[in-house]
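*Asks:* Quick one: the structure is below, questions incoming.
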Amino acid sequence: MSMPFYVSPEQQMKDKADYARKGIARGRSVVVLQYDDGILFVAENPSRALHKISEIYDRIAFAAVGKYNEFENLRLGGVRYADINGYQYDRRDVTARGLANVYAQSLGTIFTETAKPYEVELVVAEVGDDAETDQIYRLTFDGSVSDEHGYVAMGGQAEAVAQSLKDGYREGSALAAALQTAVRALEAQDAERRLEAKSLEVAVLDRNREHRLFKRLTAARIGELLSAADGGAASGAASGGGKAAESEDASTADDD
Amino acid sequence: MASHDSHTGRLPGLFANPDTSSFTEFLGAYSPESLPGRRTPPASRAGDEIPHGTTIVAVNFPGGVVMAGDRRATAGNMIAQRDIEKVFRADEFSAIAIAGTAGIGIEMVRLFQVELEHYEKREGRTLSVEGKANRLATMVRQNLGMAMQGLAVVPLFAGYDEERDEGRIFSYDPAGGRYEERDFYSVGSGSVFARGALKKLYRADLSAEDAALVCVQSLYDAADDDSATGGPDLTRGIFPVVAAVTSDGYRRLGEDEVGALARAVVDGRYESPGGPTAPLR
């Protein structure tokens with residue numbers, strides 16, 4: 001019987017962290033940013049069924065990058081956490097801060113106690129009554145939490161995307177302008193990448209909606225917003241074209 | 001994916017068992033004492049002192065359904081509450097109302113609302129109208145022990161069916177029997193009188209507004225003959241809760257809209273206390 005090699009705890013943690021980072025870096029990026037009416041989530045995701053952005057509760061949404069089965073498991077747990085607390089206390093007692101804490105505990109435990117860490121990075125965001133009270137929490141694979149303001153980029157080439165956001169982000173911009181900034185940032189992942197409306201997954205937490213504030217935007221609506229932001233000058237990344245005639249609340253149902 | 005949650009010490013089981021999209025099933029595993037159906041019914045029959053909700057009506061019209069309930073809860077011969085609400089939004093395309101033991105009914109409604117939303121968020125789709133109605137039947141059945149001790153809850157469920165573009169109404173018995181009703185239905189202590197009125201006032205081509213008027217008329221008739229059903233309270237401005245479910249979703253009619261309907265009904269009764277008459281031939 002052979003003795004296992006001794007591996008120092010420092011080395012173990014470093015190996016796990018490197019492993020998780022590599023896994024996350026392989027995926028496409030997701031961008032979360034504040035705009036005048038709430039919080040905007042934009043992901044490059046050609047799938048209409050496998051979401052990277054999801055509703056958790058009335059004012060809370062979730063965005064993730066990395067391994068689908070892992071972040072989906074976290075999403076389902078988050079929905080349970082929210083629904084059980086909302087049922088046993090009151091709907092107002094479900095908060096992004098509480099949810100971020102639960103995720104941090106779970107991710108931290110998984111990172112330290114299991115052989116394979118989760119290859120995921122999450123954003124949990126809660127829209128407030130105004131931009132000042134919006135909350136955006138970013139969680140990494142080891143359970144670290146950070147409180148973000150303005151914008152967040154995560155996933156592959158997150159630095160390049162974050163740099164583009166830093167240059168383009170303006171506080172209190174309208175939805176169309178914020179979406180354009182986000183799409184430009186996602187395009188910064190590679191040179192010569194152009195993103196079309198149908199390869200984007202876009203959702204908002206709109207503080208002006210009622211009851212459940214989460215809403216997915218349809219490909220047609222994304223196209224309209226992008227061409228509105230371009231002001232008709234360059235054709236830009238928009239597909240679908242047309243003027244933004246339809247009001248944003250024209251369809252209340254999700255597009256999936 | 002195996003659960004890692006057993007280590008955290010916090011919310012054990014939250015990430016375990018990802019196989020059920022039913023909130024009720026999850027609640028039963030996670031916090032069994034919170035589940036209404038798991039409670040031991042009282043050993044002796046409950047008296048009249050526990051508040052009971054009274055009359056609910058629902059009327060289909062082309063493209064949707066209207067549901068309405070009076071505002072009275074009674075405890076024996078006492079009025080326990082004069083502005084109770086018994087009609088609720090179940091989800092975007094359905095409404096639920098309760099008659100019977102108010103406390104248990106309201107808890108059932110809350111659980112049913114979370115059940116529908118939970119399924120929708122987990123699965124990314126809403127349940128079919130029948131799926132929702134069946135789920136509610138299970139909840140009613142779990143209350144059978146309580147019902148045998150005099151704490152029955154009888155809900156009425158109405159939803160908009162997107163495939164058929166029409167309203168659907170489902171009634172229940174205390175044992176969880178689920179029955180689809182055509183055109184209109186009523187439950188609760190005043191339901192006998194309300195149903196008589198509905199039978200004479202119902203037309204297949206009602207508009208949404210007229211369907212709401214039919215509901216308010218029939219509730220007036222229920223209140224006229226059943227002491228446990230409250231009529232429109234003009235002095236306090238307390239009117240029935242009326243909600244419509246159509247392709248645009250659930251909409252509770254505003255106080256001003258229902259107030260106008262209720263005043264029109266009361267004004268009409270000065271002329272003819274029995275309300276509108278149906279043609280004899």
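The way I read the labels, and the way they are meant: chains A, B, ... in the order of the structure tokens, residue 1 as the first residue of every chain, and ligand 1 as the first ligand shown, with later ones counted on from there.
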Kindly determine which residues of chain A lie within 8 Å of chain B, considering only C-alpha atoms, and give the answer as a JSON list (two decimals) with C-alpha atoms, in the first residue's frame.
*Replies:*
```
[["chain", "number", "residue", "atom", "x", "y", "z"],
["A", 55, "GLU", "CA", -36.04, 35.12, -11.62],
["A", 56, "ILE", "CA", -35.64, 34.24, -7.95],
["A", 69, "ASN", "CA", -25.63, 21.80, -13.84],
["A", 70, "GLU", "CA", -23.83, 23.45, -10.95],
["A", 73, "ASN", "CA", -28.57, 23.51, -8.75],
["A", 74, "LEU", "CA", -27.77, 26.77, -6.96],
["A", 76, "LEU", "CA", -33.14, 25.88, -7.71],
["A", 77, "GLY", "CA", -31.91, 26.10, -4.13],
["A", 79, "VAL", "CA", -35.84, 29.65, -5.45],
["A", 80, "ARG", "CA", -36.54, 27.32, -2.54],
["A", 81, "TYR", "CA", -34.85, 29.64, -0.07],
["A", 83, "ASP", "CA", -40.22, 30.80, -1.53],
["A", 84, "ILE", "CA", -39.94, 29.19, 1.88],
["A", 87, "TYR", "CA", -44.22, 31.77, 2.75],
["A", 102, "VAL", "CA", -26.83, 31.31, 1.79],
["A", 105, "GLN", "CA", -22.09, 29.48, 2.81],
["A", 106, "SER", "CA", -22.83, 26.76, 0.28],
["A", 109, "THR", "CA", -18.34, 24.70, 2.06],
["A", 110, "ILE", "CA", -18.21, 23.06, -1.34],
["A", 256, "ASP", "CA", -39.63, 31.49, -23.15]]
```
*Asks:* I'd like to know which residues of region 3-185 of chain A are helix (DSSP H, G or I) (by DSSP, run on the backbone); could you write them as JSON, numbers by chain?
*Replies:* {"A": [9, 10, 11, 12, 13, 14, 15, 16, 17, 18, 19, 20, 21, 22, 23, 24, 25, 68, 69, 70, 71, 72, 73, 74, 75, 76, 77, 78, 79, 80, 81, 82, 83, 84, 85, 86, 87, 88, 91, 92, 93, 96, 97, 98, 99, 100, 101, 102, 103, 104, 105, 106, 107, 108, 109, 110, 111, 112, 113, 131, 132, 133, 158, 159, 160, 161, 162, 163, 164, 165, 166, 167, 168, 175, 176, 177, 178, 179, 180, 181, 182, 183, 184, 185]}
*Asks:* Using DSSP assignments from the backbone, pull out every residue in region 96-252 of chain B that falls under strand (DSSP E) and give it to me as an NGL selection string.
*Replies:* :B and (96-101 or 153-161 or 166-172 or 178-181 or 184-187 or 241-246 or 249-252)
*Asks:* Write the residues you've just listed into a file as a CSV table (one decimal), in the first residue's frame, and include C-alpha atoms for each of them.
*Replies:*
```
chain,number,residue,atom,x,y,z
B,96,ILE,CA,-59.0,31.4,-6.2
B,97,ALA,CA,-61.7,32.1,-3.6
B,98,ILE,CA,-62.6,30.4,-0.4
B,99,ALA,CA,-65.7,29.6,1.6
B,100,GLY,CA,-65.6,27.9,5.0
B,101,THR,CA,-63.2,28.2,7.9
B,153,VAL,CA,-62.7,24.8,3.5
B,154,VAL,CA,-64.4,24.8,0.1
B,155,PRO,CA,-62.5,26.8,-2.5
B,156,LEU,CA,-63.6,27.9,-5.9
B,157,PHE,CA,-61.0,28.0,-8.6
B,158,ALA,CA,-61.3,29.9,-11.9
B,159,GLY,CA,-58.6,30.2,-14.6
B,160,TYR,CA,-58.2,31.5,-18.1
B,161,ASP,CA,-57.4,28.6,-20.5
B,166,GLU,CA,-62.1,30.8,-22.4
B,167,GLY,CA,-62.6,30.8,-18.7
B,168,ARG,CA,-62.8,27.6,-16.7
B,169,ILE,CA,-64.4,27.2,-13.3
B,170,PHE,CA,-63.7,24.3,-10.9
B,171,SER,CA,-65.5,23.5,-7.6
B,172,TYR,CA,-64.5,21.2,-4.8
B,178,ARG,CA,-62.8,18.3,-8.2
B,179,TYR,CA,-65.7,19.2,-10.6
B,180,GLU,CA,-65.5,21.4,-13.6
B,181,GLU,CA,-68.6,23.7,-13.8
B,184,PHE,CA,-71.3,29.7,-13.5
B,185,TYR,CA,-71.1,28.4,-10.0
B,186,SER,CA,-71.4,29.5,-6.4
B,187,VAL,CA,-70.1,28.1,-3.1
B,241,VAL,CA,-64.2,41.9,-4.2
B,242,VAL,CA,-64.6,41.3,-7.9
B,243,ALA,CA,-61.8,40.0,-10.1
B,244,ALA,CA,-61.7,39.2,-13.9
B,245,VAL,CA,-59.3,36.7,-15.5
B,246,THR,CA,-58.8,37.1,-19.3
B,249,GLY,CA,-54.2,38.3,-16.9
B,250,TYR,CA,-55.8,38.7,-13.5
B,251,ARG,CA,-57.3,42.0,-12.7
B,252,ARG,CA,-59.1,43.0,-9.6
```
*Asks:* So the first atom is CA of Ala115 (chain A) and the second is CA of Ala20 (chain A); what is the distance between them in Å, to one decimal place?
*Replies:* 11.5 Å
*Asks:* Find the distance between CA of Glu119 (chain A) and CA of Glu148 (chain A) and write it in Å to one decimal.
*Replies:*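 Distance between the two atoms: 20.8 Å.
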*Asks:* I want to know what sits within 8 Å of Asn45 (chain A), based on only C-alpha atoms, with residues of the same chain fewer than 5 positions away left out; could you give that as a list in words?
*Replies:*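 The filter keeps Arg28, His51, Lys52, Ser199, Leu200 and Glu201 of chain A.
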*Asks:* Measure the distance from CA of Asp221 (chain B) to CA of Ile106 (chain B) in Å and round it to one decimal.
*Replies:*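 Straight-line distance from CA of Asp221 (chain B) to CA of Ile106 (chain B) works out to 25.2 Å.
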*Asks:* With distances taken over only C-alpha atoms, which residue among A:Met13, A:Ala96, A:Ala82, A:Ala178 lies nearest Asp142 (chain A)?
*Replies:*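 When distances to Asp142 (chain A) are compared using only C-alpha atoms, the smallest one comes from A:Met13.
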*Asks:* Please report as CSV every residue of region 157-261 of chain B lying within 8 Å of region 135-147 of chain B, along with the nearest atom pair and their distance in Å (one decimal), using only C-alpha atoms.
*Replies:*
```
residue,atom,partner,partner_atom,distance
B:Tyr172,CA,B:Ala137,CA,6.9
B:Asp173,CA,B:Val140,CA,8.0
B:Pro174,CA,B:Leu144,CA,6.1
B:Ala175,CA,B:Arg141,CA,4.9
B:Gly176,CA,B:Arg141,CA,4.1
B:Gly177,CA,B:Ala137,CA,6.6
B:Arg178,CA,B:Ala137,CA,6.0
```
*Asks:* Could you name the residues that touch Ile24 (chain A) at 8 Å or less, counting only C-alpha atoms, but leaving out those on the same chain fewer than 6 positions away, as a list of chain:residue names?
*Replies:*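 Selected residues are A:Val65, A:Gly66, A:Lys67, A:Glu119, A:Val120, A:Glu121, A:Gly155, A:Gly156.
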*Asks:* Just the residues within 12 Å of Lys166 (chain A), please, counting only C-alpha atoms, with nothing from its chain fewer than 4 positions along; format it as an MDAnalysis selection string.
*Replies:* chainID A and resid 31 33 149:153 158:162 170:171 181:182 184:185
